[in-house]
>>> print(open('target_16.txt').read())   # compact mmCIF, C-alpha atoms
# COMPACT_ATOMS: atom_id res chain seq x y z
CA MET S 124 -32.58 60.50 -10.02
CA THR S 125 -29.74 62.81 -9.08
CA LEU S 126 -30.10 65.34 -6.31
CA LEU S 127 -29.82 68.17 -8.80
CA ARG S 128 -32.66 66.80 -10.89
CA ARG S 129 -34.85 66.19 -7.86
CA GLY S 130 -34.16 69.76 -6.75
CA ARG S 131 -35.22 70.99 -10.16
CA TRP S 132 -38.46 69.02 -10.00
CA ILE S 133 -39.30 70.35 -6.56
CA THR S 134 -38.51 73.90 -7.63
CA GLY S 135 -40.70 73.45 -10.73
CA ILE S 136 -43.61 72.16 -8.67
CA ALA S 137 -43.15 74.99 -6.15
CA LEU S 138 -43.17 77.58 -8.95
CA LEU S 139 -46.40 76.10 -10.36
CA LEU S 140 -47.91 76.22 -6.89
CA LEU S 141 -46.77 79.82 -6.59
CA GLY S 142 -48.75 80.60 -9.72
CA GLY S 143 -51.76 78.83 -8.22
CA LEU S 144 -51.27 80.67 -4.96
CA TYR S 145 -51.49 83.98 -6.76
CA VAL S 146 -54.62 83.01 -8.60
CA ARG S 147 -56.07 82.19 -5.21
CA ALA S 148 -54.75 85.37 -3.63
CA LEU S 149 -55.99 87.65 -6.40
CA VAL S 150 -59.29 86.00 -7.27
CA PHE S 151 -60.53 84.00 -4.32
CA THR S 152 -59.14 85.84 -1.31
CA PRO S 153 -61.04 88.93 -0.14
CA GLU S 154 -59.42 92.29 -0.60
CA GLU S 155 -58.22 94.04 2.50
CA ARG S 156 -60.66 96.88 3.23
CA LEU S 157 -58.15 99.71 3.66
CA GLN S 158 -55.16 98.61 1.62
CA GLY S 159 -56.93 97.16 -1.40
CA LEU S 160 -54.79 95.39 -3.99
CA ALA S 161 -51.52 96.51 -2.43
CA GLN S 162 -52.08 94.06 0.36
CA LYS S 163 -51.73 91.13 -2.08
CA ILE S 164 -47.96 91.54 -2.04
CA TYR S 165 -48.21 90.31 1.52
CA TYR S 166 -48.43 86.72 0.22
CA VAL S 167 -44.92 87.07 -1.22
CA HIS S 168 -43.39 89.42 1.31
CA VAL S 169 -44.25 87.52 4.48
CA PRO S 170 -43.36 84.03 3.20
CA SER S 171 -40.06 85.32 1.75
CA ALA S 172 -39.23 86.70 5.16
CA TRP S 173 -40.14 83.29 6.54
CA SER S 174 -37.90 81.50 4.04
CA ALA S 175 -35.03 83.89 4.73
CA MET S 176 -35.37 83.23 8.45
CA LEU S 177 -35.66 79.51 7.79
CA ALA S 178 -32.49 79.70 5.70
CA MET S 179 -30.64 81.46 8.51
CA GLY S 180 -31.94 78.89 10.98
CA MET S 181 -30.68 76.10 8.72
CA VAL S 182 -27.30 77.82 8.32
CA GLY S 183 -27.03 77.97 12.10
CA LEU S 184 -28.17 74.39 12.60
CA ALA S 185 -25.84 73.02 9.92
CA SER S 186 -23.01 75.07 11.42
CA ILE S 187 -23.57 73.52 14.85
CA LEU S 188 -23.68 70.05 13.30
CA PHE S 189 -20.52 70.78 11.34
CA LEU S 190 -18.57 71.85 14.41
CA LEU S 191 -19.79 68.79 16.32
CA LEU S 192 -19.41 66.14 13.63
CA LYS S 193 -16.75 67.71 11.36
CA ASP S 194 -18.60 66.46 8.30
CA ALA S 195 -17.91 68.73 5.32
CA ARG S 196 -21.38 68.04 3.91
CA TYR S 197 -22.94 70.18 6.63
CA ASP S 198 -20.64 73.01 5.63
CA ARG S 199 -21.68 72.72 2.00
CA PHE S 200 -25.33 72.62 3.06
CA ALA S 201 -24.88 75.76 5.19
CA SER S 202 -23.24 77.51 2.27
CA ALA S 203 -26.10 76.53 -0.06
CA SER S 204 -28.70 77.63 2.47
CA ALA S 205 -26.98 80.98 2.95
CA GLU S 206 -27.03 81.67 -0.76
CA VAL S 207 -30.70 80.80 -1.07
CA GLY S 208 -31.42 82.85 2.05
CA THR S 209 -29.74 85.85 0.45
CA ALA S 210 -32.10 85.56 -2.52
CA PHE S 211 -35.17 85.32 -0.28
CA SER S 212 -34.12 88.27 1.85
CA LEU S 213 -33.63 90.24 -1.34
CA VAL S 214 -37.22 89.39 -2.35
CA MET S 215 -38.39 90.43 1.11
CA LEU S 216 -36.45 93.68 0.94
CA THR S 217 -37.79 94.51 -2.53
CA THR S 218 -41.45 93.65 -1.94
CA GLY S 219 -41.49 95.50 1.40
CA PRO S 220 -40.80 98.98 -0.01
CA LEU S 221 -43.17 98.33 -2.96
CA TRP S 222 -45.95 97.84 -0.43
CA ALA S 223 -44.77 100.54 1.93
CA ARG S 224 -44.78 103.30 -0.69
CA PRO S 225 -48.57 103.37 -1.23
CA ILE S 226 -49.53 102.28 2.30
CA TRP S 227 -47.06 104.10 4.52
CA GLY S 228 -46.23 106.83 2.03
CA THR S 229 -42.53 106.05 2.16
CA TRP S 230 -40.28 103.43 0.57
CA TRP S 231 -38.31 102.80 3.66
CA THR S 232 -38.49 103.65 7.31
CA TRP S 233 -36.02 102.91 10.05
CA ASP S 234 -38.47 100.83 11.93
CA ALA S 235 -36.97 98.11 14.09
CA ARG S 236 -38.05 95.15 12.03
CA LEU S 237 -37.02 96.69 8.73
CA THR S 238 -33.66 97.59 10.13
CA LEU S 239 -33.07 94.20 11.56
CA THR S 240 -34.20 92.22 8.52
CA LEU S 241 -31.79 94.39 6.58
CA MET S 242 -29.20 93.22 9.08
CA LEU S 243 -30.23 89.63 8.36
CA PHE S 244 -29.46 90.33 4.72
CA PHE S 245 -26.09 91.83 5.68
CA LEU S 246 -25.44 88.81 7.85
CA PHE S 247 -25.92 86.55 4.84
CA ILE S 248 -23.64 88.79 2.77
CA GLY S 249 -20.99 88.90 5.50
CA TYR S 250 -21.15 85.12 5.81
CA GLN S 251 -20.47 84.73 2.11
CA VAL S 252 -17.83 87.43 1.91
CA LEU S 253 -15.99 85.66 4.71
CA ARG S 254 -16.23 82.37 2.83
CA GLY S 255 -14.75 84.08 -0.19
CA ALA S 256 -11.86 85.54 1.80
CA VAL S 257 -10.56 82.26 3.23
CA THR S 258 -8.74 79.99 0.82
CA ASP S 259 -8.13 76.97 3.01
CA PRO S 260 -11.30 74.81 2.84
CA GLY S 261 -11.02 73.46 6.39
CA LEU S 262 -10.45 76.90 7.86
CA ARG S 263 -13.22 78.35 5.72
CA ALA S 264 -15.71 75.78 6.96
CA ARG S 265 -14.87 76.42 10.62
CA TYR S 266 -14.91 80.20 10.30
CA ALA S 267 -18.18 80.14 8.40
CA ALA S 268 -19.71 77.84 11.02
CA VAL S 269 -18.75 80.24 13.81
CA VAL S 270 -20.36 83.17 12.00
CA GLY S 271 -23.42 81.05 11.14
CA ILE S 272 -24.02 80.09 14.75
CA CYS S 273 -23.55 83.66 15.96
CA GLY S 274 -26.01 84.81 13.31
CA LEU S 275 -28.59 82.32 14.51
CA VAL S 276 -28.23 83.54 18.10
CA LEU S 277 -28.62 87.12 16.90
CA LEU S 278 -32.09 86.33 15.50
CA PRO S 279 -33.95 86.17 18.86
CA PHE S 280 -32.45 89.54 19.71
CA ILE S 281 -33.76 90.81 16.40
CA HIS S 282 -37.20 89.53 17.32
CA LEU S 283 -37.01 90.91 20.87
CA SER S 284 -36.20 94.41 19.77
CA VAL S 285 -39.35 94.43 17.61
CA TYR S 286 -41.42 94.53 20.76
CA LEU S 287 -39.24 97.06 22.52
CA PHE S 288 -38.61 99.59 19.80
CA ARG S 289 -41.49 101.82 18.77
CA THR S 290 -42.63 100.32 15.54
CA LEU S 291 -44.58 101.26 12.46
CA HIS S 292 -44.49 97.77 11.06
CA PRO S 293 -47.74 95.79 11.24
CA MET S 294 -47.60 93.82 14.45
CA PRO S 295 -47.62 90.02 14.27
CA ILE S 296 -51.13 88.88 13.49
CA VAL S 297 -50.65 85.13 13.31
CA LEU S 298 -47.84 84.08 15.61
CA LYS S 299 -48.91 85.90 18.73
CA PRO S 300 -50.54 84.97 21.99
CA GLY S 301 -54.24 84.29 21.50
CA ARG S 302 -56.05 83.58 18.24
CA PRO S 303 -54.79 84.87 14.90
CA SER S 304 -56.65 88.07 14.04
CA LEU S 305 -56.56 87.41 10.31
CA PRO S 306 -59.85 86.43 8.61
CA GLY S 307 -60.04 82.72 7.78
CA SER S 308 -59.59 82.81 4.00
CA MET S 309 -56.69 85.24 4.21
CA LEU S 310 -55.06 83.11 6.85
CA GLU S 311 -55.45 80.02 4.65
CA THR S 312 -53.86 81.80 1.69
CA LEU S 313 -51.04 83.00 3.92
CA LEU S 314 -50.44 79.53 5.32
CA LEU S 315 -50.43 78.12 1.79
CA SER S 316 -47.89 80.74 0.77
CA PHE S 317 -45.69 79.64 3.67
CA GLY S 318 -45.90 76.09 2.38
CA VAL S 319 -45.07 77.12 -1.18
CA PHE S 320 -42.10 79.22 -0.10
CA THR S 321 -40.79 76.46 2.12
CA LEU S 322 -40.96 74.12 -0.86
CA LEU S 323 -39.17 76.72 -2.99
CA TYR S 324 -36.48 76.94 -0.34
CA VAL S 325 -36.08 73.16 -0.34
CA GLY S 326 -35.89 73.03 -4.13
CA PHE S 327 -33.34 75.82 -4.40
CA VAL S 328 -31.15 74.46 -1.62
CA MET S 329 -31.16 70.96 -3.12
CA GLN S 330 -29.98 72.33 -6.45
CA ARG S 331 -27.37 74.59 -4.90
CA TYR S 332 -26.12 71.80 -2.67
CA ALA S 333 -25.86 69.43 -5.61
CA ILE S 334 -23.79 71.99 -7.51
CA GLY S 335 -21.56 72.39 -4.46
CA GLU S 336 -21.07 68.63 -4.24
CA ARG S 337 -20.17 68.52 -7.91
CA SER S 338 -17.50 71.22 -7.68
CA HIS S 339 -16.22 69.50 -4.56
CA ASP S 340 -15.81 66.18 -6.37
CA ALA S 341 -14.13 67.80 -9.34
CA MET L 1120 -11.44 77.03 37.39
CA GLY L 1121 -8.65 78.78 39.32
CA GLU L 1122 -6.23 77.60 36.66
CA LEU L 1123 -8.47 79.00 33.93
CA VAL L 1124 -8.68 82.42 35.53
CA ARG L 1125 -4.95 82.51 36.24
CA HIS L 1126 -4.04 81.61 32.66
CA ALA L 1127 -6.54 84.08 31.26
CA TRP L 1128 -5.05 86.76 33.44
CA LEU L 1129 -1.54 85.86 32.19
CA VAL L 1130 -2.64 86.27 28.58
CA ALA L 1131 -4.40 89.54 29.34
CA ARG L 1132 -1.40 90.83 31.26
CA LYS L 1133 0.92 89.94 28.40
CA ASP L 1134 -1.28 91.89 25.97
CA LEU L 1135 -1.56 94.88 28.24
CA HIS L 1136 2.20 94.84 28.92
CA LEU L 1137 2.88 94.79 25.22
CA GLU L 1138 0.48 97.67 24.71
CA PHE L 1139 1.82 99.64 27.63
CA ARG L 1140 5.37 99.42 26.29
CA SER L 1141 4.68 100.67 22.78
CA ARG L 1142 1.47 102.65 23.41
CA THR L 1143 0.98 102.86 19.64
CA ALA L 1144 -2.50 101.38 19.52
CA ILE L 1145 -3.88 103.13 22.58
CA THR L 1146 -2.52 106.52 21.52
CA SER L 1147 -3.98 106.15 18.05
CA ALA L 1148 -7.29 104.96 19.48
CA LEU L 1149 -7.53 107.92 21.83
CA VAL L 1150 -6.63 110.42 19.13
CA PHE L 1151 -9.11 108.71 16.83
CA THR L 1152 -11.86 109.04 19.44
CA ALA L 1153 -11.11 112.73 19.94
CA LEU L 1154 -11.09 113.30 16.19
CA VAL L 1155 -14.41 111.51 15.66
CA LEU L 1156 -15.95 113.77 18.29
CA VAL L 1157 -14.52 116.82 16.53
CA VAL L 1158 -15.85 115.58 13.20
CA PHE L 1159 -19.30 115.12 14.74
CA GLU L 1160 -19.24 118.61 16.17
CA HIS L 1161 -18.55 120.06 12.75
CA GLY L 1162 -20.74 117.61 10.86
CA ARG L 1163 -23.95 119.05 12.26
CA ASP L 1164 -25.78 122.34 12.04
CA PRO L 1165 -25.67 123.72 15.60
CA THR L 1166 -28.52 126.13 14.94
CA ALA L 1167 -30.83 123.37 13.67
CA VAL L 1168 -30.21 120.50 16.09
CA ALA L 1169 -29.68 120.96 19.81
CA THR L 1170 -26.61 119.18 21.16
CA ILE L 1171 -28.59 117.31 23.76
CA ASP L 1172 -30.77 115.67 21.06
CA LEU L 1173 -27.76 114.41 19.20
CA ALA L 1174 -25.57 113.66 22.20
CA PRO L 1175 -26.49 109.99 22.79
CA SER L 1176 -25.93 109.12 19.12
CA ILE L 1177 -22.63 110.99 18.97
CA LEU L 1178 -21.42 109.22 22.07
CA TRP L 1179 -22.37 105.75 20.89
CA VAL L 1180 -21.29 106.05 17.29
CA THR L 1181 -17.91 107.25 18.54
CA PHE L 1182 -17.67 104.33 20.96
CA SER L 1183 -18.69 101.86 18.26
CA PHE L 1184 -16.11 103.05 15.75
CA ALA L 1185 -13.37 103.24 18.33
CA GLY L 1186 -14.25 99.79 19.66
CA MET L 1187 -14.25 98.31 16.17
CA LEU L 1188 -10.85 99.76 15.32
CA THR L 1189 -9.22 98.51 18.48
CA LEU L 1190 -10.44 94.94 17.94
CA ASN L 1191 -8.04 94.19 15.11
CA ARG L 1192 -5.16 94.82 17.49
CA ALA L 1193 -5.61 91.73 19.69
CA PHE L 1194 -4.72 89.08 17.15
CA ASN L 1195 -2.76 91.22 14.73
CA ALA L 1196 0.05 91.27 17.28
CA GLU L 1197 0.10 87.46 17.26
CA LEU L 1198 0.64 87.22 13.51
CA GLU L 1199 4.25 88.33 13.63
CA ASN L 1200 6.78 85.51 14.03
CA GLN L 1201 3.88 83.05 14.33
CA ALA L 1202 3.34 84.16 17.91
CA LEU L 1203 -0.14 82.65 17.85
CA ASP L 1204 1.30 79.18 17.30
CA GLY L 1205 3.45 79.73 20.34
CA LEU L 1206 0.43 80.72 22.38
CA LEU L 1207 -1.48 77.68 21.14
CA LEU L 1208 1.41 75.39 22.07
CA ALA L 1209 1.52 76.83 25.58
CA PRO L 1210 -0.05 74.54 28.19
CA ILE L 1211 -3.14 76.71 28.60
CA SER L 1212 -6.67 75.98 27.44
CA ARG L 1213 -8.18 77.72 24.42
CA THR L 1214 -10.83 79.09 26.73
CA SER L 1215 -8.34 80.90 28.93
CA LEU L 1216 -6.63 82.23 25.82
CA PHE L 1217 -9.93 83.68 24.65
CA LEU L 1218 -10.87 85.07 28.05
CA GLY L 1219 -7.44 86.66 28.35
CA LYS L 1220 -7.80 88.32 24.96
CA LEU L 1221 -11.31 89.43 25.88
CA VAL L 1222 -10.17 90.96 29.17
CA ALA L 1223 -7.32 92.79 27.45
CA ASN L 1224 -9.70 94.10 24.79
CA LEU L 1225 -12.19 95.20 27.43
CA ALA L 1226 -9.47 97.02 29.39
CA PHE L 1227 -8.37 98.68 26.18
CA VAL L 1228 -11.89 99.71 25.22
CA ALA L 1229 -12.58 100.89 28.77
CA VAL L 1230 -9.65 103.32 28.59
CA VAL L 1231 -10.89 104.58 25.24
CA GLN L 1232 -14.48 104.94 26.45
CA VAL L 1233 -13.62 106.72 29.69
CA THR L 1234 -11.39 109.17 27.84
CA GLY L 1235 -14.05 109.51 25.15
CA LEU L 1236 -16.67 110.29 27.77
CA LEU L 1237 -14.49 112.96 29.36
CA LEU L 1238 -13.80 114.58 25.99
CA PHE L 1239 -17.49 114.32 25.14
CA THR L 1240 -18.41 116.16 28.33
CA LEU L 1241 -15.85 118.80 27.54
CA PHE L 1242 -16.79 119.29 23.88
CA PHE L 1243 -20.55 119.00 24.02
CA ASN L 1244 -21.38 120.49 27.37
CA VAL L 1245 -23.76 117.68 28.32
CA PRO L 1246 -24.38 117.32 32.09
CA VAL L 1247 -22.83 113.86 32.19
CA TRP L 1248 -21.71 114.06 35.84
CA LYS L 1249 -25.33 114.02 37.05
CA VAL L 1250 -25.87 110.55 35.60
CA TRP L 1251 -22.35 109.20 35.56
CA ALA L 1252 -23.03 106.05 37.61
CA PRO L 1253 -25.96 104.71 35.55
CA LEU L 1254 -24.24 105.86 32.35
CA VAL L 1255 -21.09 103.91 33.16
CA SER L 1256 -23.23 100.84 33.94
CA VAL L 1257 -24.90 101.12 30.55
CA MET L 1258 -21.51 101.55 28.90
CA ILE L 1259 -20.34 98.32 30.50
CA LEU L 1260 -23.56 96.46 29.65
CA ALA L 1261 -23.55 97.59 26.05
CA THR L 1262 -19.87 96.87 25.48
CA VAL L 1263 -19.11 93.48 27.00
CA GLY L 1264 -21.21 91.28 24.70
CA PHE L 1265 -20.24 93.20 21.60
CA ILE L 1266 -16.53 93.07 22.38
CA ALA L 1267 -16.87 89.33 23.03
CA VAL L 1268 -18.23 88.74 19.51
CA GLY L 1269 -15.64 91.17 18.18
CA THR L 1270 -12.78 89.33 19.86
CA LEU L 1271 -14.07 86.04 18.44
CA PHE L 1272 -14.40 87.45 14.92
CA SER L 1273 -11.08 89.26 15.01
CA ALA L 1274 -9.34 85.96 15.75
CA MET L 1275 -10.70 84.72 12.42
CA VAL L 1276 -10.44 87.73 10.17
CA VAL L 1277 -6.76 88.44 10.86
CA ARG L 1278 -6.01 85.43 8.75
CA THR L 1279 -8.22 86.46 5.83
CA ARG L 1280 -7.71 88.90 3.02
CA PHE L 1281 -8.92 92.47 3.64
CA ALA L 1282 -9.06 91.92 7.41
CA GLU L 1283 -9.63 95.60 8.22
CA LEU L 1284 -12.71 95.69 6.04
CA MET L 1285 -13.94 92.21 6.85
CA LEU L 1286 -14.30 92.81 10.57
CA PRO L 1287 -16.77 95.72 10.35
CA VAL L 1288 -18.78 93.92 7.66
CA LEU L 1289 -19.20 90.87 9.89
CA LEU L 1290 -19.53 92.72 13.15
CA LEU L 1291 -21.85 95.64 12.47
CA PRO L 1292 -25.05 93.55 12.46
CA PHE L 1293 -24.08 92.39 15.94
CA LEU L 1294 -23.55 95.95 17.05
CA LEU L 1295 -27.09 96.98 16.26
CA PRO L 1296 -29.07 95.55 19.21
CA PRO L 1297 -26.67 96.90 21.87
CA LEU L 1298 -26.34 100.20 19.99
CA ILE L 1299 -30.11 100.75 19.78
CA ALA L 1300 -30.52 99.84 23.45
CA ALA L 1301 -27.59 101.98 24.59
CA VAL L 1302 -28.77 105.04 22.67
CA GLU L 1303 -32.33 104.68 24.02
CA VAL L 1304 -31.10 104.33 27.59
CA THR L 1305 -28.56 107.16 27.28
CA ALA L 1306 -31.18 109.50 25.83
CA LYS L 1307 -33.50 108.74 28.76
CA LEU L 1308 -30.66 109.32 31.22
CA PHE L 1309 -29.72 112.68 29.68
CA ALA L 1310 -33.38 113.65 29.83
CA GLY L 1311 -33.31 113.03 33.56
CA ARG L 1312 -35.56 109.95 33.51
CA PRO L 1313 -35.03 107.13 36.03
CA LEU L 1314 -33.47 103.82 34.97
CA SER L 1315 -36.68 101.97 35.85
CA GLU L 1316 -38.21 103.41 32.67
CA VAL L 1317 -35.74 101.53 30.54
CA ALA L 1318 -35.71 98.24 32.44
CA GLY L 1319 -36.68 96.36 29.27
CA TRP L 1320 -33.66 97.68 27.38
CA LEU L 1321 -31.35 96.90 30.27
CA ARG L 1322 -32.63 93.34 30.39
CA LEU L 1323 -32.06 93.03 26.65
CA LEU L 1324 -28.48 94.27 27.08
CA ALA L 1325 -27.83 91.87 29.94
CA ALA L 1326 -29.27 88.94 27.99
CA TYR L 1327 -27.16 89.91 24.99
CA ASP L 1328 -24.02 89.98 27.13
CA VAL L 1329 -24.70 86.60 28.72
CA ALA L 1330 -25.57 85.02 25.37
CA PHE L 1331 -22.63 86.31 23.41
CA VAL L 1332 -19.92 86.05 26.04
CA SER L 1333 -20.77 82.38 26.59
CA LEU L 1334 -21.23 81.69 22.88
CA ALA L 1335 -17.96 83.35 21.93
CA THR L 1336 -16.11 81.48 24.68
CA LEU L 1337 -17.63 78.23 23.47
CA LEU L 1338 -16.89 78.85 19.79
CA PHE L 1339 -13.40 80.29 20.09
CA PRO L 1340 -11.57 76.93 20.08
CA ALA L 1341 -13.06 76.24 16.64
CA THR L 1342 -11.31 79.30 15.22
CA VAL L 1343 -7.80 78.35 16.32
CA THR L 1344 -7.67 74.55 16.48
CA GLU L 1345 -5.78 73.15 13.53
>>> encode(input="target_16.txt", output="structure tokens")
Amino acid sequence: MTLLRRGRWITGIALLLLGGLYVRALVFTPEERLQGLAQKIYYVHVPSAWSAMLAMGMVGLASILFLLLKDARYDRFASASAEVGTAFSLVMLTTGPLWARPIWGTWWTWDARLTLTLMLFFLFIGYQVLRGAVTDPGLRARYAAVVGICGLVLLPFIHLSVYLFRTLHPMPIVLKPGRPSLPGSMLETLLLSFGVFTLLYVGFVMQRYAIGERSHDA
Amino acid sequence: MGELVRHAWLVARKDLHLEFRSRTAITSALVFTALVLVVFEHGRDPTAVATIDLAPSILWVTFSFAGMLTLNRAFNAELENQALDGLLLAPISRTSLFLGKLVANLAFVAVVQVTGLLLFTLFFNVPVWKVWAPLVSVMILATVGFIAVGTLFSAMVVRTRFAELMLPVLLLPFLLPPLIAAVEVTAKLFAGRPLSEVAGWLRLLAAYDVAFVSLATLLFPATVTE
């Protein structure tokens, strides 16, 4: 089976699971007391943010490997991951305001995490704009790798400023010192959504990578 | 190590010499800084917002724009007559080339920032002299890391299409952490608060500087090696 086809299968399975996840989230997971139904978007918003971050992490990692090993496949992988990451950050940036409007009373606020995830999105865009502006493939790969690595290093600073800047955004409830403060069934649904979105990421990247390989061979 | 520093200094000195002779870039940068300050003064409603509330933002947005504009200069000069190839052929390491460019950029930005600060004091009547020492420290802390990334990126974008537009698009996300920190710290300073209140921000700035100066130094060879 070709890589493209395998990617399609994985994406298909992930999409089915996403449907299942939403049945679980809507029917079998308790409603949040204060936010009601609006909170359900959480199971798309948070895992998309996770996948976008994962994509950036993979771009950075592949960029490091590319500069070390000079294997063009890592460059093509980084490029694929960046494109998929752009899509996920777009989902994150669309679902966020949809939730924020009824809950916060505003579509957007210049809270630290919002600002900086927007920057993550711009980082993805900048990465791809740069790729488009360099014609020489070798040069393009090296330039993109440099930006990819810098982007990865920027992420911890993004995370750090969350704690320093006064913030309206819900504070981390799972990945924090001590026990997660999310009720068990909600936590399970959330963890499942992380799994589903990771699988979606894998499926998308496999397809995109396969397309990249194809245009490279041609 | 001594060799590295000496070579870096040679590169920096060459750049500064070049700049000192023509003075085109530095003059334009200074005039630009003054003009941005004037634009800010007239782009606000003085009866609605007190100057002191807006002062930190005005100062840092001006510094950011001026810094960004001056970055293109460093490698633009090397495009003519393939001067960069000459530099690369010279028996100096890529690292010293980068450090030299970084030092020249920092010297350039320092001149712009000091002048900008003086003009800012003059135009906006903010009691800068009371906090000048901590303010200058914050200016250094918030600039070094950012200019390091900027120098690295400018080495790449000069050889792309739309270089003038590409640099801000790539660089602005990197500006955000130091900008937020610098504005917070400056606001506290203008309000007469001690530096100890903003220790967290200062640590963030220092960490940012260490991370990005070393990263940019490490990555620079990848942008010029053929």
>>> closest_residue(input="target_16.txt", among="L:Val1329, L:Leu1289, L:Leu1137, L:Ala1223", to="chain S", atoms="all atoms listed in the file")
L:Leu1289
>>> interface_residues(input="target_16.txt", of="chain S", to="chain L", cutoff="6 Å", atoms="only C-alpha atoms", output="PDB file with C-alpha atoms, in the frame of the given file")
ATOM      1  CA  MET S 242     -29.200  93.220   9.080  1.00  0.00           C
ATOM      2  CA  GLY S 249     -20.990  88.900   5.500  1.00  0.00           C
ATOM      3  CA  ALA S 256     -11.860  85.540   1.800  1.00  0.00           C
ATOM      4  CA  VAL S 257     -10.560  82.260   3.230  1.00  0.00           C
TER       5      VAL S 257
END
>>> closest_residue(input="target_16.txt", among="L:Leu1216, L:Val1263, L:Leu1294, L:Val1168", to="Met1187 of chain L", atoms="all atoms listed in the file")
L:Leu1294
>>> atom_distance(input="target_16.txt", atom1="atom CA of Thr1262 of chain L", atom2="atom CA of Leu1225 of chain L")
8.1 Å
>>> axis_aligned_box(input="target_16.txt", around="segment 324-336 of chain S", padding_each_side="6 Å", output="AutoDock Vina command-line options")
--center_x -28.8 --center_y 72.8 --center_z -3.9 --size_x 27.4 --size_y 20.3 --size_z 19.2
>>> atom_distance(input="target_16.txt", atom1="atom CA of His339 of chain S", atom2="atom CA of Gly135 of chain S")
25.6 Å
>>> residues_around(input="target_16.txt", residues="Gln162 of chain S", least_positions_apart="2", cutoff="12 Å", atoms="only C-alpha atoms", output="CSV table (one decimal) with C-alpha atoms, in the frame of the given file")
chain,number,residue,atom,x,y,z
S,148,ALA,CA,-54.8,85.4,-3.6
S,149,LEU,CA,-56.0,87.6,-6.4
S,152,THR,CA,-59.1,85.8,-1.3
S,153,PRO,CA,-61.0,88.9,-0.1
S,154,GLU,CA,-59.4,92.3,-0.6
S,155,GLU,CA,-58.2,94.0,2.5
S,156,ARG,CA,-60.7,96.9,3.2
S,157,LEU,CA,-58.2,99.7,3.7
S,158,GLN,CA,-55.2,98.6,1.6
S,159,GLY,CA,-56.9,97.2,-1.4
S,160,LEU,CA,-54.8,95.4,-4.0
S,164,ILE,CA,-48.0,91.5,-2.0
S,165,TYR,CA,-48.2,90.3,1.5
S,166,TYR,CA,-48.4,86.7,0.2
S,167,VAL,CA,-44.9,87.1,-1.2
S,168,HIS,CA,-43.4,89.4,1.3
S,169,VAL,CA,-44.2,87.5,4.5
S,218,THR,CA,-41.4,93.6,-1.9
S,219,GLY,CA,-41.5,95.5,1.4
S,221,LEU,CA,-43.2,98.3,-3.0
S,222,TRP,CA,-46.0,97.8,-0.4
S,223,ALA,CA,-44.8,100.5,1.9
S,224,ARG,CA,-44.8,103.3,-0.7
S,225,PRO,CA,-48.6,103.4,-1.2
S,226,ILE,CA,-49.5,102.3,2.3
S,227,TRP,CA,-47.1,104.1,4.5
S,293,PRO,CA,-47.7,95.8,11.2
S,309,MET,CA,-56.7,85.2,4.2
S,313,LEU,CA,-51.0,83.0,3.9
>>> closest_residue(input="target_16.txt", among="S:Val207, S:Tyr332, S:Asp198, S:Arg337", to="Pro260 of chain S", atoms="only C-alpha atoms")
S:Asp198
>>> residues_near_point(input="target_16.txt", point="(-10.8, 110.2, 26.8)", cutoff="7 Å", atoms="only C-alpha atoms", output="number ranges by chain")
L: 1149, 1231-1238
>>> write_last_selection(input="target_16.txt", atoms="C-alpha atoms", output="compact mmCIF listing (two decimals), keeping the file's coordinate frame")
# COMPACT_ATOMS: atom_id res chain seq x y z
CA LEU L 1149 -7.53 107.92 21.83
CA VAL L 1231 -10.89 104.58 25.24
CA GLN L 1232 -14.48 104.94 26.45
CA VAL L 1233 -13.62 106.72 29.69
CA THR L 1234 -11.39 109.17 27.84
CA GLY L 1235 -14.05 109.51 25.15
CA LEU L 1236 -16.67 110.29 27.77
CA LEU L 1237 -14.49 112.96 29.36
CA LEU L 1238 -13.80 114.58 25.99
>>> atom_distance(input="target_16.txt", atom1="atom CA of Arg331 of chain S", atom2="atom CA of Leu314 of chain S")
25.7 Å
>>> residues_around(input="target_16.txt", residues="Gly183 of chain S", least_positions_apart="2", cutoff="6 Å", atoms="only C-alpha atoms", output="PyMOL selection string")
chain S and resi 180-181+185-186+271-272+275
>>> closest_residue(input="target_16.txt", among="L:Ala1226, L:Ala1252, L:Ala1174, L:Leu1221", to="Ser1333 of chain L", atoms="all atoms listed in the file")
L:Leu1221
>>> residues_near_point(input="target_16.txt", point="(-45.2, 77.2, -1.1)", cutoff="9 Å", atoms="all atoms listed in the file", output="count of residues only")
17
>>> closest_residue(input="target_16.txt", among="L:Pro1340, L:Gly1121, L:Pro1175, L:Gly1162", to="Val1247 of chain L", atoms="all atoms listed in the file")
L:Pro1175
>>> residues_around(input="target_16.txt", residues="Thr1336 of chain L", least_positions_apart="6", cutoff="9 Å", atoms="only C-alpha atoms", output="list in words")
Arg1213, Thr1214, Ser1215, Phe1217, Leu1218, Ala1267 and Leu1271 of chain L
>>> residues_around(input="target_16.txt", residues="Asn1191 of chain L", least_positions_apart="6", cutoff="8 Å", atoms="all atoms listed in the file", output="list in words")
Ser1273, Val1277, Glu1283 and Leu1286 of chain L
>>> closest_residue(input="target_16.txt", among="L:Trp1251, L:Trp1128, L:Phe1309, L:Phe1182", to="Ala1153 of chain L", atoms="all atoms listed in the file")
L:Phe1182
